[in-house]
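The block underneath contains the structure these notes are about, expressed in structure tokens.
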Amino acid sequence: MEHSLFSKPKELFIDVVNPRDYIQIDSVSHMYQNLKASVQKPLKMILLYGRPGTGKSMLLHKLHHDLSKHQKVFMIDIPIIDENDFLRVLAQKIYGYVNREAITLTTFLELASAVNYPQTPIVLLDEAQLYSTALMEKIRLISDARALKFVITLHKTDDEDIIAKEHFQTRIWESIELQNASPEELKIYIQKKLLKSNCFDVANMINDKNIKIISRLTKGNYRDANKLMFSLFSLYAWFEEHHPSKINYNSLKPKYIEMAAIHTGLIHA
Amino acid sequence: MLNIPSLERRWLKYKIKSYFPYILFSLLTVILIIVTTIFIHLEKSNKQTSPILVKQKAKDIILQPKDISPEIILEPSMQFIETMTSTVSQSTTPSVSIPVFPPKKVVIVQKIAPISPPAKISTNVITPPSLITPAIKSTTQPSSIKRDTATFDIHEIEDRFKNNSNPHLGLYIARYHYDHGNYNEAYNYALKTNSINNTIEESWLIFAKAMVKLGKIDQAKKTLQLYISQSNSDAARNLLDSFEKDVPK
């Protein structure tokens, strides 16, 4: 299994958000440049939203990775639901204020005014839709006081339009929407990812027909695409070990793509 | 861990499921086309038959007065026959009557009448009196024509006799041959007639007379005696008496 042609590609598509694995796609790259530009502006809040799997978290991680070299940036990728904990963690991470007891908003703002940074510190909040309205109000007050600058990501779903909520409508100065990947973008994403790790043979196996199937199954969702490709290459690795004659090294078999989709739950069979 | 056989089974199930609507749609389309075709075909056939029926009905309606009119028209044809019969009765020359009335009937009447009265009755039944009269009146001028047609007819009658074994036909043929001096043939046909029906008196008489002509006088006498014993026929007795005198009729 270790020497399998498909074992390395399989590892590439493990669904882990790592800024080093960031793949530059034209549209996403453009969005990222916009985001970076917005961060430099004297804005209080920046909203990054889109459907699940459009790469919001990856962009946020990439932004964190890039900005942390130059200024104070703190990222909360797992939401801190409790209000006291939230302020306490922020005070500790940004201002170095260590206190086991809960701190009030007033205390926090006093700390912020006491510490003078050349650039306003940036807080990146992933999955902001999970925060309560009260906490969001506190976040708004902190950003209004220019103590911190927030970049938050939101899931936009068909069921609930979170952006329509009042605290987002009135306070957000910049919002960037991320779209699902088109088949071409998905092809670039998958092939770039493979080529980046020198998996040339496997990258050459992926043709337009395969991409169409993958795109149809994943609906341009990068996370689903990662899961599907992981399952697909696992499946290929199995066939390579047990029935190598069944593998066509010129292209991916649509049957195997669909089997992988069944395994990942993209097809309910 | 991947369970490939299970995945393959699920994939197959998925493919069948995904193609099912298309298969169903195709089947329904095919059925719809077939049903439509049949319906159109039936409708066409109905359209084709219905005008005919209408036409036929129309014809029936139109023909009704036409059917009546021939009945009226037929009257002149009857008149034609009447005129024909009147012309035949008025004409003195028999040349007109000969082609119209078969000569064989004439021959039968002329020849049989003196020998056997029952034969006369049978011919009277078949032929109307108006038809016989001109024949009786006719002279011997067209006799050759009569024989030719009779010769032709006798073969036809012989064939018919072979086919249906009618004793009356047998008697007629035997009589014909005897009259024409073909005594062997007369003997044979009389014998055949007697074997079919042994109650015909004239057949026995012709049979006996033919035997006498063939020189079998004793045999003829014995036959007649046997017949007389069974039928008590006066004609047979007279014939036997004539044989006793050695004068065959």
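Simple scheme: letters A, B, ... for chains in structure tokens order, numbers from 1 for residues in each chain, numbers from 1 for ligands in the order shown.
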
Residues of chain B no more than 7 Å from chain A, counting only C-alpha atoms: send them over as a PDB file with N, CA, C and O atoms, in the first residue's frame.
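The file below, part-v1.pdb, is the result:
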ATOM      1  N   LEU B   7     -19.943  -1.800  -1.923  1.00  0.00           N
ATOM      2  CA  LEU B   7     -20.037  -0.539  -2.680  1.00  0.00           C
ATOM      3  C   LEU B   7     -20.479  -0.790  -4.111  1.00  0.00           C
ATOM      4  O   LEU B   7     -21.282  -0.035  -4.659  1.00  0.00           O
ATOM      5  N   GLU B   8     -19.951  -1.868  -4.701  1.00  0.00           N
ATOM      6  CA  GLU B   8     -20.305  -2.196  -6.090  1.00  0.00           C
ATOM      7  C   GLU B   8     -21.790  -2.554  -6.193  1.00  0.00           C
ATOM      8  O   GLU B   8     -22.460  -2.169  -7.155  1.00  0.00           O
ATOM      9  N   ARG B  10     -24.136  -1.497  -4.180  1.00  0.00           N
ATOM     10  CA  ARG B  10     -24.895  -0.252  -3.972  1.00  0.00           C
ATOM     11  C   ARG B  10     -24.861   0.622  -5.231  1.00  0.00           C
ATOM     12  O   ARG B  10     -25.831   1.277  -5.575  1.00  0.00           O
ATOM     13  N   TRP B  11     -23.680   0.598  -5.872  1.00  0.00           N
ATOM     14  CA  TRP B  11     -23.543   1.378  -7.112  1.00  0.00           C
ATOM     15  C   TRP B  11     -24.500   0.839  -8.186  1.00  0.00           C
ATOM     16  O   TRP B  11     -25.157   1.609  -8.895  1.00  0.00           O
ATOM     17  N   LYS B  13     -27.273  -0.791  -7.758  1.00  0.00           N
ATOM     18  CA  LYS B  13     -28.624  -0.416  -7.332  1.00  0.00           C
ATOM     19  C   LYS B  13     -28.916   1.048  -7.711  1.00  0.00           C
ATOM     20  O   LYS B  13     -29.992   1.378  -8.217  1.00  0.00           O
ATOM     21  N   TYR B  14     -27.898   1.889  -7.442  1.00  0.00           N
ATOM     22  CA  TYR B  14     -28.024   3.312  -7.756  1.00  0.00           C
ATOM     23  C   TYR B  14     -28.207   3.536  -9.254  1.00  0.00           C
ATOM     24  O   TYR B  14     -29.048   4.340  -9.687  1.00  0.00           O
TER      25      TYR B  14
END

Residues near Asn99 of chain A, cut-off 10 Å, only C-alpha atoms, skip fewer than 4 positions along chain, as a ChimeraX atom specification:
/A:88-89,91-92,103

I need the chosen residues saved as a JSON list (two decimals), in the first residue's frame, with N, CA, C and O atoms.
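out_14.json, freshly written:
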[["chain", "number", "residue", "atom", "x", "y", "z"],
["A", 88, "ARG", "N", -12.43, 37.02, 28.14],
["A", 88, "ARG", "CA", -11.24, 36.62, 28.91],
["A", 88, "ARG", "C", -10.14, 36.09, 27.97],
["A", 88, "ARG", "O", -8.97, 36.46, 28.08],
["A", 89, "VAL", "N", -10.57, 35.26, 27.02],
["A", 89, "VAL", "CA", -9.61, 34.69, 26.08],
["A", 89, "VAL", "C", -9.02, 35.79, 25.20],
["A", 89, "VAL", "O", -7.80, 35.82, 24.95],
["A", 91, "ALA", "N", -8.71, 39.00, 25.97],
["A", 91, "ALA", "CA", -7.82, 39.83, 26.80],
["A", 91, "ALA", "C", -6.47, 39.17, 27.00],
["A", 91, "ALA", "O", -5.42, 39.83, 26.95],
["A", 92, "GLN", "N", -6.52, 37.86, 27.15],
["A", 92, "GLN", "CA", -5.29, 37.10, 27.37],
["A", 92, "GLN", "C", -4.44, 37.05, 26.10],
["A", 92, "GLN", "O", -3.24, 37.27, 26.13],
["A", 103, "ILE", "N", -14.21, 38.75, 33.05],
["A", 103, "ILE", "CA", -14.04, 40.21, 32.97],
["A", 103, "ILE", "C", -15.23, 40.83, 32.25],
["A", 103, "ILE", "O", -15.81, 40.22, 31.35]]

Write out as an MDAnalysis selection string which residues come within 7 Å of segment 192-207 of chain B when counting only C-alpha atoms, dropping same-chain ones fewer than 5 positions away.
chainID B and resid 167 170:171 175 187 236

All alpha helix (DSSP H) residues (DSSP, backbone) inside segment 79-261 of chain A, as a ChimeraX atom specification
/A:83-95,105-114,133-144,166-171,183-196,200-205,208-218,222-242,254-261

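Taking atom CA of Arg100 of chain A and atom CA of Thr153 of chain A as endpoints, the distance between them is 28.5 Å.
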
Spatial neighbours of Ile217 of chain B, max dist 12 Å, only C-alpha atoms, sep filter under 2 positions, as a PyMOL selection string:
chain B and resi 207-215+219-224+239-240+242-248

I need the residues from that last selection saved to file as a compact mmCIF listing (two decimals), in the first residue's frame (with N, CA, C and O atoms), if you can.
# COMPACT_ATOMS: atom_id res chain seq x y z
N PHE B 207 -84.08 -54.85 -74.49
CA PHE B 207 -83.06 -55.86 -74.19
C PHE B 207 -83.34 -57.14 -75.00
O PHE B 207 -82.45 -57.68 -75.67
N ALA B 208 -84.62 -57.55 -74.99
CA ALA B 208 -85.01 -58.78 -75.68
C ALA B 208 -84.91 -58.62 -77.21
O ALA B 208 -84.37 -59.50 -77.91
N LYS B 209 -85.39 -57.45 -77.67
CA LYS B 209 -85.36 -57.20 -79.12
C LYS B 209 -83.92 -57.14 -79.63
O LYS B 209 -83.61 -57.66 -80.70
N ALA B 210 -83.01 -56.48 -78.81
CA ALA B 210 -81.60 -56.38 -79.19
C ALA B 210 -80.96 -57.77 -79.26
O ALA B 210 -80.17 -58.08 -80.17
N MET B 211 -81.36 -58.66 -78.34
CA MET B 211 -80.82 -60.02 -78.33
C MET B 211 -81.26 -60.78 -79.59
O MET B 211 -80.48 -61.50 -80.20
N VAL B 212 -82.51 -60.55 -79.95
CA VAL B 212 -83.03 -61.20 -81.17
C VAL B 212 -82.23 -60.70 -82.37
O VAL B 212 -81.83 -61.50 -83.23
N LYS B 213 -82.01 -59.39 -82.43
CA LYS B 213 -81.24 -58.81 -83.54
C LYS B 213 -79.83 -59.36 -83.58
O LYS B 213 -79.22 -59.49 -84.63
N LEU B 214 -79.32 -59.70 -82.40
CA LEU B 214 -77.95 -60.25 -82.33
C LEU B 214 -77.96 -61.77 -82.53
O LEU B 214 -76.91 -62.42 -82.38
N GLY B 215 -79.12 -62.33 -82.74
CA GLY B 215 -79.24 -63.76 -83.05
C GLY B 215 -79.43 -64.63 -81.81
O GLY B 215 -79.34 -65.86 -81.90
N GLN B 219 -82.41 -67.02 -76.04
CA GLN B 219 -82.07 -66.27 -74.80
C GLN B 219 -83.07 -65.14 -74.59
O GLN B 219 -83.51 -64.89 -73.46
N ALA B 220 -83.46 -64.52 -75.72
CA ALA B 220 -84.43 -63.42 -75.66
C ALA B 220 -85.78 -63.94 -75.18
O ALA B 220 -86.44 -63.32 -74.34
N LYS B 221 -86.16 -65.08 -75.71
CA LYS B 221 -87.45 -65.69 -75.31
C LYS B 221 -87.43 -66.02 -73.82
O LYS B 221 -88.39 -65.74 -73.08
N LYS B 222 -86.34 -66.62 -73.36
CA LYS B 222 -86.23 -67.01 -71.94
C LYS B 222 -86.30 -65.76 -71.04
O LYS B 222 -86.95 -65.75 -69.99
N THR B 223 -85.63 -64.73 -71.48
CA THR B 223 -85.62 -63.47 -70.70
C THR B 223 -87.04 -62.91 -70.59
O THR B 223 -87.49 -62.53 -69.50
N LEU B 224 -87.74 -62.92 -71.74
CA LEU B 224 -89.09 -62.38 -71.75
C LEU B 224 -90.03 -63.23 -70.89
O LEU B 224 -90.87 -62.70 -70.14
N LEU B 239 -94.71 -59.28 -77.40
CA LEU B 239 -93.37 -59.35 -78.03
C LEU B 239 -92.93 -60.80 -78.12
O LEU B 239 -92.36 -61.24 -79.15
N LEU B 240 -93.18 -61.56 -77.05
CA LEU B 240 -92.80 -62.97 -77.04
C LEU B 240 -93.57 -63.74 -78.13
O LEU B 240 -92.99 -64.57 -78.84
N SER B 242 -94.67 -62.47 -80.85
CA SER B 242 -94.09 -62.09 -82.15
C SER B 242 -92.78 -62.85 -82.41
O SER B 242 -92.47 -63.19 -83.55
N PHE B 243 -92.03 -63.10 -81.32
CA PHE B 243 -90.77 -63.88 -81.46
C PHE B 243 -91.10 -65.32 -81.86
O PHE B 243 -90.34 -65.94 -82.63
N GLU B 244 -92.23 -65.84 -81.29
CA GLU B 244 -92.65 -67.20 -81.60
C GLU B 244 -92.93 -67.33 -83.10
O GLU B 244 -92.67 -68.36 -83.72
N LYS B 245 -93.45 -66.22 -83.63
CA LYS B 245 -93.74 -66.22 -85.07
C LYS B 245 -92.50 -65.87 -85.89
O LYS B 245 -92.56 -65.69 -87.11
N ASP B 246 -91.36 -65.60 -85.18
CA ASP B 246 -90.07 -65.24 -85.80
C ASP B 246 -90.12 -63.91 -86.54
O ASP B 246 -89.49 -63.71 -87.57
N VAL B 247 -90.93 -63.05 -85.95
CA VAL B 247 -90.98 -61.74 -86.58
C VAL B 247 -90.69 -60.67 -85.48
O VAL B 247 -91.59 -60.16 -84.82
N PRO B 248 -89.50 -60.35 -85.30
CA PRO B 248 -89.20 -59.32 -84.30
C PRO B 248 -89.59 -57.92 -84.78
O PRO B 248 -89.45 -57.62 -85.97
